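Student: First the structure, then my questions, so here it is.
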Amino acid sequence: MNAPDGHKPDHSTIRDSQQVVSAYARWAPIYDLAFTAVMRAGRKAAVAAVAETGQLILDVGVGTGLELPMFPLGCRVVGIDLAEPMLRRAGERVRRDNLAGVEGLAVMDATRMAFADASFDAAIVPYVLTVVPDPTAMMDEISRVIRPGGSIVLVNHFGAEAGLLKPIEAWLGQRSASLGWHPQFPFSVLGDWVAAQRNIEMLDRRRIGPLGLFTVVRLRKTR
């Protein structure tokens, strides 16, 4: 999606999808060890916000599938991820934990999904917004594949506007391509996208632990 002046927005130094794939191929062997604990609260909150019995839920950027066991019985989940090494581990988790509610896992670009319009009842987007090179294109696609009345729940870290975290994020931002995400990602990218949509409303946003580092955002696609 282009900005109003015709220039493509540059929200990070992650230039293309191949950089994302390369970064997460490196993360895959240690991802669970590094991120399970710190991101557990956000994943649980996001799952709780969409987990309704009988719903077909799209898990965008499912990664190694850390949140898949959190879905209660009766939920049906399809997970997509761009990085095949991460998705392979999600498949192992599904088989090991006998997660019958997971109906499919697919290598797929979230900015160009191979799903028909209104295919899903809801979408969960855990820690993905700051990863994709074009977050507005991803949000456009998520909106397209969610049915009217459905919900979209995101959890992510957004860049600090002040305080001790700001210089740390600036330092990390210089290494964002190798990290695989953009630590300085501003909330305004998502807020501006919502404001530009005629059929998306923001229900709420709230900080969550640890130390309020992450934010859960609930959106709804209006009828």
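Labels for the structure tokens follow display order: chains A, B, ..., residues from 1 in each chain, ligands from 1.
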Set the distance at 10 Å and use only C-alpha atoms: which residues neighbour Ser143 of chain A once local chain neighbours fewer than 6 positions away are removed? I'd like the list as an mmCIF file with N, CA and C atoms, in the first residue's frame.
Tutor:
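The result, stored in result-v4.cif:
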data_model
loop_
_atom_site.group_PDB
_atom_site.id
_atom_site.type_symbol
_atom_site.label_atom_id
_atom_site.label_comp_id
_atom_site.auth_asym_id
_atom_site.auth_seq_id
_atom_site.Cartn_x
_atom_site.Cartn_y
_atom_site.Cartn_z
ATOM 1 N N ASP A 117 -12.015 -14.544 -0.216
ATOM 2 C CA ASP A 117 -12.572 -13.517 0.658
ATOM 3 C C ASP A 117 -13.452 -14.156 1.727
ATOM 4 N N ALA A 118 -13.423 -13.565 2.937
ATOM 5 C CA ALA A 118 -14.310 -13.971 4.035
ATOM 6 C C ALA A 118 -14.209 -15.468 4.351
ATOM 7 N N PHE A 120 -12.492 -16.790 6.942
ATOM 8 C CA PHE A 120 -12.280 -17.077 8.359
ATOM 9 C C PHE A 120 -13.197 -16.242 9.245
ATOM 10 N N ALA A 122 -12.192 -15.319 12.358
ATOM 11 C CA ALA A 122 -11.335 -14.438 13.141
ATOM 12 C C ALA A 122 -9.888 -14.679 12.760
ATOM 13 N N ALA A 123 -9.026 -13.745 13.161
ATOM 14 C CA ALA A 123 -7.584 -13.889 12.926
ATOM 15 C C ALA A 123 -6.831 -13.477 14.174
ATOM 16 N N ALA A 137 -0.041 -3.843 3.841
ATOM 17 C CA ALA A 137 -0.498 -4.855 2.887
ATOM 18 C C ALA A 137 -0.969 -6.100 3.622
ATOM 19 N N GLY A 150 -16.349 -10.420 11.955
ATOM 20 C CA GLY A 150 -15.250 -11.161 12.555
ATOM 21 C C GLY A 150 -14.252 -10.252 13.248
ATOM 22 N N SER A 151 -13.380 -10.844 14.046
ATOM 23 C CA SER A 151 -12.414 -10.065 14.808
ATOM 24 C C SER A 151 -10.987 -10.382 14.400
ATOM 25 N N ILE A 152 -10.126 -9.393 14.622
ATOM 26 C CA ILE A 152 -8.693 -9.499 14.372
ATOM 27 C C ILE A 152 -8.007 -9.071 15.667
ATOM 28 N N GLN A 197 -9.763 2.789 7.178
ATOM 29 C CA GLN A 197 -10.695 1.737 6.766
ATOM 30 C C GLN A 197 -12.135 2.133 7.097
ATOM 31 N N ASN A 199 -14.514 -0.225 7.179
ATOM 32 C CA ASN A 199 -15.183 -1.402 7.753
ATOM 33 C C ASN A 199 -14.382 -2.061 8.873
ATOM 34 N N ILE A 200 -13.449 -1.315 9.475
ATOM 35 C CA ILE A 200 -12.670 -1.829 10.593
ATOM 36 C C ILE A 200 -12.781 -0.851 11.761
ATOM 37 N N LEU A 219 -9.537 -5.643 17.018
ATOM 38 C CA LEU A 219 -10.246 -4.985 15.930
ATOM 39 C C LEU A 219 -11.459 -5.817 15.546
ATOM 40 N N ARG A 220 -12.420 -5.164 14.923
ATOM 41 C CA ARG A 220 -13.578 -5.891 14.406
ATOM 42 C C ARG A 220 -13.890 -5.394 12.996
ATOM 43 N N LYS A 221 -14.190 -6.344 12.127
ATOM 44 C CA LYS A 221 -14.636 -6.013 10.777
ATOM 45 C C LYS A 221 -16.147 -5.839 10.823
#
Student: A:Arg207, A:Arg88, A:Arg76, A:Lys44: which is nearest Ala100 of chain A, counting only C-alpha atoms?
Tutor: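 Closest residue, counting only C-alpha atoms: A:Arg76.
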Student: Taking 3 positions as the minimum chain separation for residues in the same chain, which residues sit within 10 Å of Asp140 of chain A when counting only C-alpha atoms? Answer as a PyMOL selection string.
Tutor: chain A and resi 1+110-112+135-137+143-145+193+197
Student: Generate a file of the selected residues that holds C-alpha atoms, formatted as an mmCIF file, in the first residue's frame.
Tutor:
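out-v2.cif was written with the following content:
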data_model
loop_
_atom_site.group_PDB
_atom_site.id
_atom_site.type_symbol
_atom_site.label_atom_id
_atom_site.label_comp_id
_atom_site.auth_asym_id
_atom_site.auth_seq_id
_atom_site.Cartn_x
_atom_site.Cartn_y
_atom_site.Cartn_z
ATOM 1 C CA MET A 1 0.000 0.000 0.000
ATOM 2 C CA ALA A 110 0.711 -12.880 4.710
ATOM 3 C CA THR A 111 0.687 -9.991 2.237
ATOM 4 C CA ARG A 112 -0.538 -12.269 -0.588
ATOM 5 C CA PRO A 135 2.477 -4.243 7.382
ATOM 6 C CA THR A 136 -0.352 -2.329 5.722
ATOM 7 C CA ALA A 137 -0.498 -4.855 2.887
ATOM 8 C CA SER A 143 -9.228 -7.816 6.508
ATOM 9 C CA ARG A 144 -10.056 -9.372 3.147
ATOM 10 C CA VAL A 145 -10.077 -12.969 4.382
ATOM 11 C CA TRP A 193 -4.418 1.944 8.847
ATOM 12 C CA GLN A 197 -10.695 1.737 6.766
#
Student: Quick one: of A:Asp32, A:Glu201, A:Glu141, A:Asp192, who's nearest to Arg89 of chain A, counting only C-alpha atoms?
Tutor: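 Checking each of A:Asp32, A:Glu201, A:Glu141, A:Asp192 against Arg89 of chain A, counting only C-alpha atoms, the winner is A:Asp32.
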Student: A:Phe115, A:Phe214, A:Phe71, A:Phe35: which is nearest Leu154 of chain A, counting only C-alpha atoms?
Tutor: A:Phe214
Student: From the options A:Val60, A:Val131, A:Ala41, A:Val47, which residue's atoms come nearest to Ala106 of chain A, counting only C-alpha atoms?
Tutor: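 Answer, going by the shortest atom-to-atom distance: A:Val60.
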Student: Which residue is closest to Met202 of chain A? Choose from A:Val153, A:Arg223, A:Gly42, A:Ala114 and count only C-alpha atoms.
Tutor: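 Closest residue, counting only C-alpha atoms: A:Val153.
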Student: If I take atom CA of Pro148 of chain A and atom CA of Ile208 of chain A, how far is one from the other in Å, to one decimal?
Tutor: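 Rounded to one decimal, the two atoms are 27.7 Å apart.
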Student: Going by DSSP on the backbone, which bits of segment 24-210 of chain A are alpha helix (DSSP H)? Write them as an MDAnalysis selection string, please.
Tutor: chainID A and resid 24:27 31:50 84:97 135:145 165:173 176:179 187:196
